[in-house]
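J.: First the structure, which I've put down as structure tokens, then a few questions once you've had a look.
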4 protein chains.
Amino acid sequence: MSVRPLPAPSPSPAPAPAPQPARDRTATQLSTRFAEVRAHTERLAAPLSGEDQTVQSMPDVSPTKWHRAHVTWFFETFVLAGNEPGFEPYEDTYWFLFNSYYEGVGPRYARAERGNISRPGAHEVGRYRANVDERVRTVLEQLDDGTLDRLAPTIELGFHHEQQHQELLLMDIKHVLSRNPLRPAYLHAPLPSGAEATPMCWVEVEGGVVEVGHDGDGFCFDNELPRHRAYLEPYRLADRLVTNGEWLAFMADGGYRRHELWLSDGWARVQAECWRAPLYWEEVDGTWFEHTLHGTWPVDPDLPACHVSHFEADAFATWAGHRLPTEAEWEHAASLHGPAARRHDRATGAPEAGMTLHPRAAAGTSAGTGAGAGLRQLLTDCWEWTSSAYLGYPGFHPPQGAIGEYNGKFMSGQMVLRGGSALTPGTHARLTYRNFFPPGARWALSGVRLADGPAPARTAS
Amino acid sequence: MSVRPLPAPSPSPAPAPAPQPARDRTATQLSTRFAEVRAHTERLAAPLSGEDQTVQSMPDVSPTKWHRAHVTWFFETFVLAGNEPGFEPYEDTYWFLFNSYYEGVGPRYARAERGNISRPGAHEVGRYRANVDERVRTVLEQLDDGTLDRLAPTIELGFHHEQQHQELLLMDIKHVLSRNPLRPAYLHAPLPSGAEATPMCWVEVEGGVVEVGHDGDGFCFDNELPRHRAYLEPYRLADRLVTNGEWLAFMADGGYRRHELWLSDGWARVQAECWRAPLYWEEVDGTWFEHTLHGTWPVDPDLPACHVSHFEADAFATWAGHRLPTEAEWEHAASLHGPAARRHDRATGAPEAGMTLHPRAAAGTSAGTGAGAGLRQLLTDCWEWTSSAYLGYPGFHPPQGAIGEYNGKFMSGQMVLRGGSALTPGTHARLTYRNFFPPGARWALSGVRLADGPAPARTAS
Amino acid sequence: MSVRPLPAPSPSPAPAPAPQPARDRTATQLSTRFAEVRAHTERLAAPLSGEDQTVQSMPDVSPTKWHRAHVTWFFETFVLAGNEPGFEPYEDTYWFLFNSYYEGVGPRYARAERGNISRPGAHEVGRYRANVDERVRTVLEQLDDGTLDRLAPTIELGFHHEQQHQELLLMDIKHVLSRNPLRPAYLHAPLPSGAEATPMCWVEVEGGVVEVGHDGDGFCFDNELPRHRAYLEPYRLADRLVTNGEWLAFMADGGYRRHELWLSDGWARVQAECWRAPLYWEEVDGTWFEHTLHGTWPVDPDLPACHVSHFEADAFATWAGHRLPTEAEWEHAASLHGPAARRHDRATGAPEAGMTLHPRAAAGTSAGTGAGAGLRQLLTDCWEWTSSAYLGYPGFHPPQGAIGEYNGKFMSGQMVLRGGSALTPGTHARLTYRNFFPPGARWALSGVRLADGPAPARTAS
Amino acid sequence: MSVRPLPAPSPSPAPAPAPQPARDRTATQLSTRFAEVRAHTERLAAPLSGEDQTVQSMPDVSPTKWHRAHVTWFFETFVLAGNEPGFEPYEDTYWFLFNSYYEGVGPRYARAERGNISRPGAHEVGRYRANVDERVRTVLEQLDDGTLDRLAPTIELGFHHEQQHQELLLMDIKHVLSRNPLRPAYLHAPLPSGAEATPMCWVEVEGGVVEVGHDGDGFCFDNELPRHRAYLEPYRLADRLVTNGEWLAFMADGGYRRHELWLSDGWARVQAECWRAPLYWEEVDGTWFEHTLHGTWPVDPDLPACHVSHFEADAFATWAGHRLPTEAEWEHAASLHGPAARRHDRATGAPEAGMTLHPRAAAGTSAGTGAGAGLRQLLTDCWEWTSSAYLGYPGFHPPQGAIGEYNGKFMSGQMVLRGGSALTPGTHARLTYRNFFPPGARWALSGVRLADGPAPARTAS
């Protein structure tokens, strides 16, 4: 998720054909949504000091103030430049510092060096944001309808781009704070507790020739296209995520010591990095604790296991006698058996008391969410590892221009995750969304949903 | 291909169910085939000194004498042990030294350390081979029919295992000799020259719901199973491999300097390892030379480009305005449009004058092989990179036992190659064969066949 | 200088014998000096934001706020603990975070992770400092004379320890800011310019059996002891440091490309790290610029060359046909031919306009400082690399206790530098001071003074 | 010892001034000595197969056949070229392959790649040796006296160079064979056993102004010059080397686990490489075994501890309450208190039964070798680590020409060892010899002799 293909419009005056229809076409609608998205980023950064916003705890992580500036650079580059009369960049060097991977637009500063940039500070980044916000609002007010129509997809893309970075901001600061021996909390609110996860049930799916990919209604990224046919054998999916209790059983049964459970590269990683539990787990005097955005708490067996790599997810599934779903299986089943109601938007509001930035138990305490309610926790708790490598869909073709050169460039060596997490902005999640990370990555809020063939005869357990 | 899942039988007395029917069931037939396969390995090693057979020029490469001993260890472990009356290993320590990856059978010696093993020497390995050969022959003569039936699939597996290592032996010694500033040749015979490659033509394929995977007639590895259905959109494949001349055009057009052509991980590799041509190419005073098993020769523009990584194959296809085929596309097209005649077996004979251990030009000089003859060079010249990640087929399930633990373990981070090469033993190649290497690997005899959508409107070129 | 042996007292109640007499024995004197030293650290940090104070740009560098807290931890641990009635640490975890290398006192946080600590922030570190300052002052007022006598050497050690870190703080922030593409200045004051360096002259020294090491008058570190005899052949030293102009001549003559000028390890470093100029030099359109604490300026040929490694210093001396002095030669010559007046204290004051945090030209514009005035720039401009490895003096014996275990532990693989720099607090420099860094280190303010045998017949040039 | 400064003559026709007088000036004497030295190298290689002679088990190690060819290249380059009428190199490429570090003579093949060179094989190297031997003999017969006088020092240098490589050959093959899980022996003869080491006694030395360095009588390397004065305080040295029994006591007392005993870089190495015993020791079921050139044997407590790094030697000395000697102390004491008789030449003969290629116990079983006989085991058993960094002597000046550029280039980051080992050819050892290795190196036959101040009051123990 840190590096994401974007169907970004060209910054050139010649308009690129809009790949998707935009929902919020009027200037007022765009302006309102712009204000919401931008304000939410600032709410997420509000609990963090300038020092917090500066640290890059590993190359995959970006500092908070970099996220805040980078999404702003996006609007400055792709919306203001070419549309604002007499456009000048807020600060020349920011184009260099806050570009992420659009090498077509200009040289970029080495990713792993982002933590060496102490200036501009968090406060100065805030001024940059305010400046661009004001200018975008002005542009929106002044554009003629034709230009607005042409620009609307780009602006909406900017919304989704910023929402991606909202989740990254939370993922990243979680890692930063976890490396501090003081283990500070991002949010001083307790983890939800007391709820008991229901036993896992299977949801059966028939298969056959099915359709996969985005249907064109509303926004999507280009990697969700084109919608296409695939053939699926019958299968079944677990109705909930694997829990910490189940993960503890895997560990107790030697899960991290038995090479026969692991992919070869996974086993090499287990040994090289001494994995013996999920990323943020720590054993103190025989008790396992988990570092969360809410601080460090004893591991709750009813909560979903999270911050596991694809290698761990695969080893767990092998140990359990099952397997991971393919992304086509996941999407098809979710479209049939997902809950009617869309997700509740945990991460949209401010990080204030009462909010939870952590997956919840599949407790089934309310109607339509318990056992028998189909596939639960689909978009709301953990990203779910699939057994599918991240590759282009049949017929996938990169668009032209600055952004086109990058559309498929991450389609190598990464695995697809589906769903969404407790950190994903609610309006950002959808069933066709393709998230992806290398198989050894653990700092996303990633968990496991088991899959299987339908007939008992095909399963070892 | 260096690390290969094998449906190996268990060395335990309890017979494993034979996964495939064996073709050569009689003791005499098995004995004859055994003699042939074993003798061919020794013929391949014959031009190499003890010193040549000792060197490991990079961790992926194994010394020649290690290959010769490892395939012998296979027969000793999986055929003699448990079937030879009063079995004792030829040498206890060999079980340790020459095991490759069957951790279930016992601890193995670190792969990257194989080049530190000076003893046993090449001559002593020859004695080991002779001893096991003699004992296998004796066992074959003495087994009752029931045991023979049970054991036949294992023995046949041993044949195919040894054939895999015959190709690896040639790949590896090519690398070893290439690291010597003297650039010695393995085989003193000239590269074939004078033939002109025909222009590339497209072969159109309809698609739809097709069947992929081995049909159970004859031997296959478990990763070729189960045969299953897949849905394909219409597509087309090039009728021949990309040539050196075309590769030189790619290079001349900045192919290795234009980041927009490359996958992100590929571009990182280009820079980290300073790639500017295929693996064994070297520029001397403005002329490109290629190190081959026949020594170093000027690059012939009509020969297929080989020793390119998946990253390079993908960048070339992007540059050409086309793409790589999926493995399902490749297999389906090959089953429809491959030449009726099976491949000519270049590498089966002795490495003697007149043999060629290098791909040939798609010259079309004989009937049925020129332009219009369908897909040419399918199994005989270069392994062909596909755009498919190496993963299990739907319904793939590892068998039980020592070997079962490893069947799927390499299904992470590698890409599928299809076809066969000038180094592949002729009886070893088949259309359903799934070879695989990491996307950055270059020391296999790997090349490129382009694919595309059927209609001109969908291609940029 | 980043890792320094300290004759630190034990934190245990049993008093360690005072290794040196202290100059400032009365409580009032100690209190005054304490206030001065502590205030100077805060003045140095004042121009830096919380973000600036957080970054660790390489493992050798520590964040500013870490320096500020670490020197405070020293007083808390070695002065307050055991002497303050009812002592409790300000914050338990600070003992862990701000300990540097006293493993005898407790576990320490990995050096390379210091940049991951966003909390406590710079402001909170300020509160920690104020708290400890207040408590030390109170302890000083209340101690009886006997305890005060016993404690005085420890307190004075704390002064010198903090002064070491004042120089490190400046060295480190220089590196931090240099990694920012914006190249911000620490101090907005121009480099001094216009002064012309005098031609280099030789100062002849006789040699014989001489005495080396601290004579016990005033404070010193334990590595300056014991004073001992050494035998020196006659020699001569340059009267000033090598200049940028001379360094440019070395570069123009292929200094960084001619392997025969370099030590073997040095040449490996030149190639591995692509050295072609001193650390902070950068070529833009054919002109060399130097990043300084005052920002980036064109290289001034009259200023001393600085930020060179021992390898570079040695190669330069070889190129010039001379050599580096031994530390005994340096110390003996400095004791005979150094200027009568002690150094002017550039770095003691606040970093305000008019100050210079950079070496000055050996211009000889005032009486007693020009050519003929003996060895100039001895303690005031650049640390001077010697040809001596950093080892214990004959008879060196580590003291007992928490600190004793570390006294000699850095005596491996490092080279001695002598003198002092424009960043060294004036009261901290002395002729017997032994600074040391690994031969490849470049981020100290290090330069070169040439040495030679006295007679022309012994020099190649 | 693997990389050694040599006062090599220039291959140019202009004669370089002979730095030392040669002992064996007549052509006959030179020819006889040439034959002896050359034959001894071949005797040492005789027990090794072509495969054994090919392996490079770590970058510091060179293959046996490389040693054999490199010393031959030396005679071809520095003796034949320029003196043989119509000289042509035996094989052009050998100049490239078998050059070690004389970059002034031509480009050299990367050291770490030596193990990738399978050709020329061991047999072909033998032919190269025979060819050069014959040609050198012819040249010696035909040279006029003036040329012979000029060339004699170069030829003698070649003898000493080859003797250095004889020891390296044994050190290196020991490492090669130790990496083979079969742990083969180089020499099938038992280790000497049954002798009991006498208790350690101190030999007192007065000190004062002493002379150090070679006195010009006979051959020496340039780093032993010039002889010069040094001042020594009184001291004492152990009369024998530290034994395995004493090392086991160090281990049992937590020697490898107590950071306070170690230099900082040493402790980092202990942890990074998991040191817990000398290099070739291995614990099996609670018993320690040692791999030697005679195979693997239980550790004999009376034999000298060997294959320890400088870091280990220093930690041991600290643990024992003593220290390592400086090289000046070692040389001065050895000149006063060494045994009158020169060493017995273990390694000069053929590696045949009865020979010992391992240090012996300081048993004192014969007259003049037991306790009270002064400093024992001085040149015959283990190289002895000193506390001196390897630097140039006062007045050291590199000679001109191809070799001059390298004379001091290793004078950085290495420590001096003195004496000689059971692998050193007898005529190669002398009291002024300066061997050197990096402080972490362990594959030389290196041990420990303790030093101390003379008076009990100065020692902690």
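Going through the structure tokens in order, the chains are called A, B, and so on, while each chain numbers its residues from 1 and the ligands are numbered from 1 in the order shown.
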For region 198-207 of chain B, list every protein, DNA or RNA residue within 9 Å, evaluated using only C-alpha atoms, and leave out those in the same chain fewer than 6 positions away; present the list as a compact mmCIF listing (two decimals) with N, CA and C atoms, in the first residue's frame.
T.:
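Generated file (part-v9.txt):
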# COMPACT_ATOMS: atom_id res chain seq x y z
N TYR B 231 -10.41 -19.56 -18.04
CA TYR B 231 -11.08 -18.76 -19.06
C TYR B 231 -10.06 -17.83 -19.72
N LEU B 232 -9.96 -17.87 -21.02
CA LEU B 232 -9.02 -17.01 -21.75
C LEU B 232 -9.76 -16.10 -22.73
N GLU B 233 -9.41 -14.83 -22.71
CA GLU B 233 -9.84 -13.91 -23.77
C GLU B 233 -9.03 -14.26 -25.03
N PRO B 234 -9.51 -13.82 -26.21
CA PRO B 234 -8.72 -14.08 -27.43
C PRO B 234 -7.34 -13.42 -27.34
N TYR B 235 -6.35 -14.02 -27.97
CA TYR B 235 -4.98 -13.49 -27.89
C TYR B 235 -4.18 -13.99 -29.07
N ARG B 236 -2.94 -13.57 -29.16
CA ARG B 236 -2.06 -14.09 -30.19
C ARG B 236 -0.62 -14.18 -29.65
N LEU B 237 0.12 -15.09 -30.22
CA LEU B 237 1.51 -15.31 -29.80
C LEU B 237 2.44 -15.18 -31.00
N ALA B 238 3.66 -14.73 -30.75
CA ALA B 238 4.67 -14.68 -31.80
C ALA B 238 5.03 -16.10 -32.22
N ASP B 239 5.34 -16.26 -33.47
CA ASP B 239 5.65 -17.62 -33.95
C ASP B 239 7.10 -18.02 -33.69
N ARG B 240 7.89 -17.07 -33.23
CA ARG B 240 9.28 -17.42 -32.90
C ARG B 240 9.76 -16.55 -31.73
N LEU B 241 10.95 -16.86 -31.26
CA LEU B 241 11.54 -16.13 -30.13
C LEU B 241 12.11 -14.80 -30.60
N VAL B 242 12.23 -13.88 -29.68
CA VAL B 242 12.91 -12.61 -29.94
C VAL B 242 14.38 -12.90 -30.26
N ASP B 302 20.77 -13.19 -35.66
CA ASP B 302 19.67 -14.10 -36.01
C ASP B 302 19.37 -15.14 -34.94
N GLU B 329 -2.16 -19.23 -21.53
CA GLU B 329 -2.14 -18.88 -22.96
C GLU B 329 -1.08 -19.69 -23.70
N HIS B 332 -2.11 -23.50 -23.89
CA HIS B 332 -3.24 -23.74 -24.77
C HIS B 332 -2.83 -23.55 -26.23
N ALA B 333 -2.10 -22.48 -26.52
CA ALA B 333 -1.67 -22.23 -27.90
C ALA B 333 -0.73 -23.33 -28.37
N LEU B 336 -2.46 -26.36 -29.49
CA LEU B 336 -3.16 -26.23 -30.77
C LEU B 336 -2.21 -26.04 -31.95
N HIS B 337 -1.19 -25.25 -31.74
CA HIS B 337 -0.40 -24.77 -32.88
C HIS B 337 1.05 -25.18 -32.84
N ALA B 361 18.77 -20.39 -34.84
CA ALA B 361 17.92 -19.40 -35.47
C ALA B 361 16.60 -20.03 -35.94
N ALA B 362 15.52 -19.25 -35.91
CA ALA B 362 14.23 -19.68 -36.46
C ALA B 362 14.26 -19.44 -37.96
N ALA B 363 14.98 -20.32 -38.61
CA ALA B 363 15.34 -20.03 -39.99
C ALA B 363 14.33 -20.55 -40.99
N GLY B 364 13.60 -21.57 -40.58
CA GLY B 364 12.60 -22.08 -41.52
C GLY B 364 13.20 -22.68 -42.77
N GLY B 370 9.45 -23.52 -40.88
CA GLY B 370 9.59 -22.11 -41.27
C GLY B 370 8.37 -21.29 -40.91
N ALA B 371 8.33 -20.09 -41.41
CA ALA B 371 7.20 -19.20 -41.18
C ALA B 371 5.93 -19.87 -41.69
N GLY B 372 4.84 -19.72 -40.95
CA GLY B 372 3.58 -20.36 -41.32
C GLY B 372 3.42 -21.73 -40.72
N GLY B 374 3.23 -22.45 -37.64
CA GLY B 374 2.72 -22.40 -36.27
C GLY B 374 3.78 -21.87 -35.32
N LEU B 375 3.69 -22.32 -34.08
CA LEU B 375 4.63 -21.84 -33.05
C LEU B 375 5.91 -22.63 -33.17
N ALA B 451 3.53 -11.82 -26.75
CA ALA B 451 2.09 -12.09 -26.86
C ALA B 451 1.37 -10.77 -27.03
N ASP B 452 0.09 -10.89 -27.38
CA ASP B 452 -0.65 -9.66 -27.64
C ASP B 452 -2.13 -10.00 -27.73
N GLY B 453 -2.96 -8.95 -27.64
CA GLY B 453 -4.36 -9.10 -27.98
C GLY B 453 -4.47 -9.27 -29.48
N PRO B 454 -5.61 -9.76 -29.94
CA PRO B 454 -5.74 -10.16 -31.35
C PRO B 454 -5.87 -9.00 -32.31
J.: Name the residues in contact with Ala185 (chain A) at a cut-off of 6 Å, using only C-alpha atoms, excluding same-chain residues fewer than 2 positions from it; report them as an MDAnalysis selection string.
T.: chainID A and resid 187 293:295
J.: Could you save the residues just selected, with all heavy atoms, as a short mmCIF file (atom, residue, chain, number, x, y, z; two decimals), in the first residue's frame?
T.:
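Result saved to out_28.cif:
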data_model
loop_
_atom_site.label_atom_id
_atom_site.label_comp_id
_atom_site.auth_asym_id
_atom_site.auth_seq_id
_atom_site.Cartn_x
_atom_site.Cartn_y
_atom_site.Cartn_z
N LEU A 187 -3.23 6.88 20.76
CA LEU A 187 -4.58 7.25 21.18
C LEU A 187 -4.82 6.66 22.57
O LEU A 187 -4.71 5.44 22.74
CB LEU A 187 -5.58 6.66 20.18
CG LEU A 187 -7.05 6.97 20.40
CD1 LEU A 187 -7.30 8.46 20.26
CD2 LEU A 187 -7.89 6.19 19.39
N LEU A 293 -2.10 1.01 18.48
CA LEU A 293 -2.18 2.47 18.51
C LEU A 293 -2.77 2.96 19.83
O LEU A 293 -2.65 4.14 20.16
CB LEU A 293 -2.99 2.98 17.31
CG LEU A 293 -2.25 2.90 15.97
CD1 LEU A 293 -3.20 3.13 14.80
CD2 LEU A 293 -1.12 3.93 15.92
N HIS A 294 -3.35 2.06 20.57
CA HIS A 294 -3.89 2.38 21.90
C HIS A 294 -2.91 2.03 23.01
O HIS A 294 -3.31 1.95 24.17
CB HIS A 294 -5.20 1.62 22.13
CG HIS A 294 -6.26 1.92 21.12
ND1 HIS A 294 -7.37 2.67 21.39
CD2 HIS A 294 -6.38 1.59 19.81
CE1 HIS A 294 -8.14 2.79 20.31
NE2 HIS A 294 -7.55 2.13 19.33
N GLY A 295 -1.68 1.76 22.68
CA GLY A 295 -0.71 1.34 23.69
C GLY A 295 -0.54 -0.17 23.71
O GLY A 295 -1.03 -0.87 22.81
#
J.: Distance limit 8 Å, atoms considered: only C-alpha atoms. Which chain A residues sit that close to chain B? Return them as a list in words.
T.: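 Selected residues: Val209, Arg229, Ala230, Tyr231, Glu233, Glu260, Leu261, Trp262, Leu263, Ser264, Asp265, Ala389, Pro394, Gly395, Glu405, Tyr406, Gly408, Lys409, Phe410, Met411, Ser412, Gly413, Gln414 and Gly453 of chain A.
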J.: Would you list, as a PyMOL selection string, the residues of region 63-194 of chain A that end up in helix (DSSP H, G or I) under DSSP run on this structure's backbone?
T.: chain A and resi 64-80+92-97+111-116+122-142+145-178
J.: If you run DSSP on this backbone, which residues of region 234-312 of chain C come out as strand (DSSP E or B), and could you give them as a list in words?
T.: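 DSSP on the backbone gives strand (DSSP E or B) at Tyr235, Arg236, Leu237, Ala238, Thr243, Trp281, Glu282, Glu283, Val284, Thr287, Trp288, Phe289, Glu290, His291, Thr292, Gly295, Thr296, Trp297, Pro298 and Pro304 of chain C.
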J.: Quick one: distance from CA of Lys174 (chain D) to CA of Gly426 (chain D) in Å, one decimal?
T.: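 These atoms are spaced 19.6 Å apart.
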J.: Please provide the set of residues having any atom within 10 Å of Ala429 (chain B), restricted to only C-alpha atoms, with same-chain residues fewer than 2 positions apart removed, written as a tab-separated table (two decimals) with N, CA, C and O atoms, in the first residue's frame.
T.:
chain	number	residue	atom	x	y	z
B	160	HIS	N	13.73	-38.60	-14.33
B	160	HIS	CA	13.40	-37.20	-14.64
B	160	HIS	C	14.19	-36.25	-13.74
B	160	HIS	O	14.58	-35.16	-14.16
B	163	GLN	N	17.52	-36.01	-15.23
B	163	GLN	CA	17.49	-35.18	-16.45
B	163	GLN	C	17.42	-33.69	-16.13
B	163	GLN	O	18.02	-32.87	-16.82
B	164	GLN	N	16.66	-33.36	-15.10
B	164	GLN	CA	16.67	-31.96	-14.66
B	164	GLN	C	18.09	-31.52	-14.34
B	164	GLN	O	18.53	-30.43	-14.71
B	342	ARG	N	7.66	-33.96	-32.43
B	342	ARG	CA	8.27	-33.57	-31.17
B	342	ARG	C	9.68	-33.06	-31.45
B	342	ARG	O	10.22	-33.23	-32.53
B	343	ARG	N	10.24	-32.51	-30.49
B	343	ARG	CA	11.52	-31.84	-30.66
B	343	ARG	C	12.64	-32.82	-31.03
B	343	ARG	O	12.61	-33.99	-30.71
B	345	ASP	N	16.34	-34.03	-30.36
B	345	ASP	CA	16.98	-34.10	-29.05
B	345	ASP	C	18.45	-33.74	-29.11
B	345	ASP	O	19.32	-34.60	-29.20
B	378	LEU	N	9.47	-24.18	-29.88
B	378	LEU	CA	8.68	-24.31	-28.65
B	378	LEU	C	9.39	-25.03	-27.52
B	378	LEU	O	9.25	-24.67	-26.36
B	379	LEU	N	10.09	-26.10	-27.80
B	379	LEU	CA	10.67	-26.91	-26.73
B	379	LEU	C	12.17	-27.05	-26.89
B	379	LEU	O	12.81	-27.79	-26.15
B	380	THR	N	12.75	-26.38	-27.84
B	380	THR	CA	14.08	-26.76	-28.30
B	380	THR	C	15.15	-25.71	-28.14
B	380	THR	O	16.34	-26.01	-28.33
B	418	ARG	N	8.03	-21.56	-19.68
B	418	ARG	CA	7.47	-22.70	-20.38
B	418	ARG	C	8.36	-23.09	-21.56
B	418	ARG	O	9.16	-22.28	-22.03
B	419	GLY	N	8.20	-24.33	-22.00
B	419	GLY	CA	8.91	-24.80	-23.17
B	419	GLY	C	10.06	-25.72	-22.83
B	419	GLY	O	9.87	-26.77	-22.21
B	420	GLY	N	11.23	-25.33	-23.21
B	420	GLY	CA	12.43	-26.13	-23.01
B	420	GLY	C	13.56	-25.44	-23.75
B	420	GLY	O	13.32	-24.48	-24.48
B	421	SER	N	14.77	-25.92	-23.54
B	421	SER	CA	15.91	-25.22	-24.12
B	421	SER	C	16.83	-26.18	-24.86
B	421	SER	O	16.64	-27.40	-24.83
B	424	THR	N	17.96	-28.88	-22.60
B	424	THR	CA	17.00	-29.79	-21.99
B	424	THR	C	17.08	-31.15	-22.70
B	424	THR	O	16.97	-31.20	-23.93
B	425	PRO	N	17.24	-32.23	-21.95
B	425	PRO	CA	17.19	-33.54	-22.60
B	425	PRO	C	15.87	-33.70	-23.35
B	425	PRO	O	14.80	-33.33	-22.84
B	426	GLY	N	15.92	-34.26	-24.55
B	426	GLY	CA	14.75	-34.31	-25.40
B	426	GLY	C	13.57	-35.05	-24.79
B	426	GLY	O	12.42	-34.62	-24.92
B	427	THR	N	13.81	-36.12	-24.08
B	427	THR	CA	12.69	-36.88	-23.51
B	427	THR	C	12.18	-36.23	-22.23
B	427	THR	O	11.30	-36.75	-21.57
B	431	LEU	N	4.76	-30.09	-23.09
B	431	LEU	CA	4.04	-28.82	-23.17
B	431	LEU	C	3.46	-28.37	-21.84
B	431	LEU	O	3.16	-27.19	-21.66
B	432	THR	N	3.28	-29.29	-20.91
B	432	THR	CA	2.68	-28.90	-19.63
B	432	THR	C	3.72	-28.62	-18.56
B	432	THR	O	3.37	-28.30	-17.42
B	433	TYR	N	4.99	-28.76	-18.91
B	433	TYR	CA	6.08	-28.60	-17.95
B	433	TYR	C	6.12	-27.17	-17.43
B	433	TYR	O	6.08	-26.21	-18.19
J.: What gap, in Å, lies between CA of Pro89 (chain A) and CA of Pro120 (chain A)?
T.: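 Computing it gives 15.2 Å between the two atoms.
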J.: Mind pulling up the distance from CA of Asn99 (chain A) to CA of Leu423 (chain A)?
T.: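 Straight-line distance from CA of Leu423 (chain A) to CA of Asn99 (chain A) works out to 23.8 Å.
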J.: Go through C:Val55, C:Cys382, C:Trp95, C:Ile117 and flag the residue nearest Ile173 (chain A), using only C-alpha atoms for the distances.
T.: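 Looking at the shortest contact to Ile173 (chain A), the residue is C:Ile117.
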J.: Could you pull the residues within 9 Å of region 28-43 of chain A, counting only C-alpha atoms, minus those fewer than 6 positions along the same chain, as a list of chain:residue names?
T.: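 The contact residues come out as A:Arg68, A:Thr72, A:Gly126, A:Arg129, A:Asp133, A:Val136, A:Arg137, A:Leu140, A:Glu141, A:Ala152, A:Ile155, A:Glu156, A:Gly158, A:Phe159, A:His160, A:Glu162, A:Gln163, A:His165, A:Gln166, A:Leu169, A:Thr348, A:Gly349, A:Ala350, A:Pro351.
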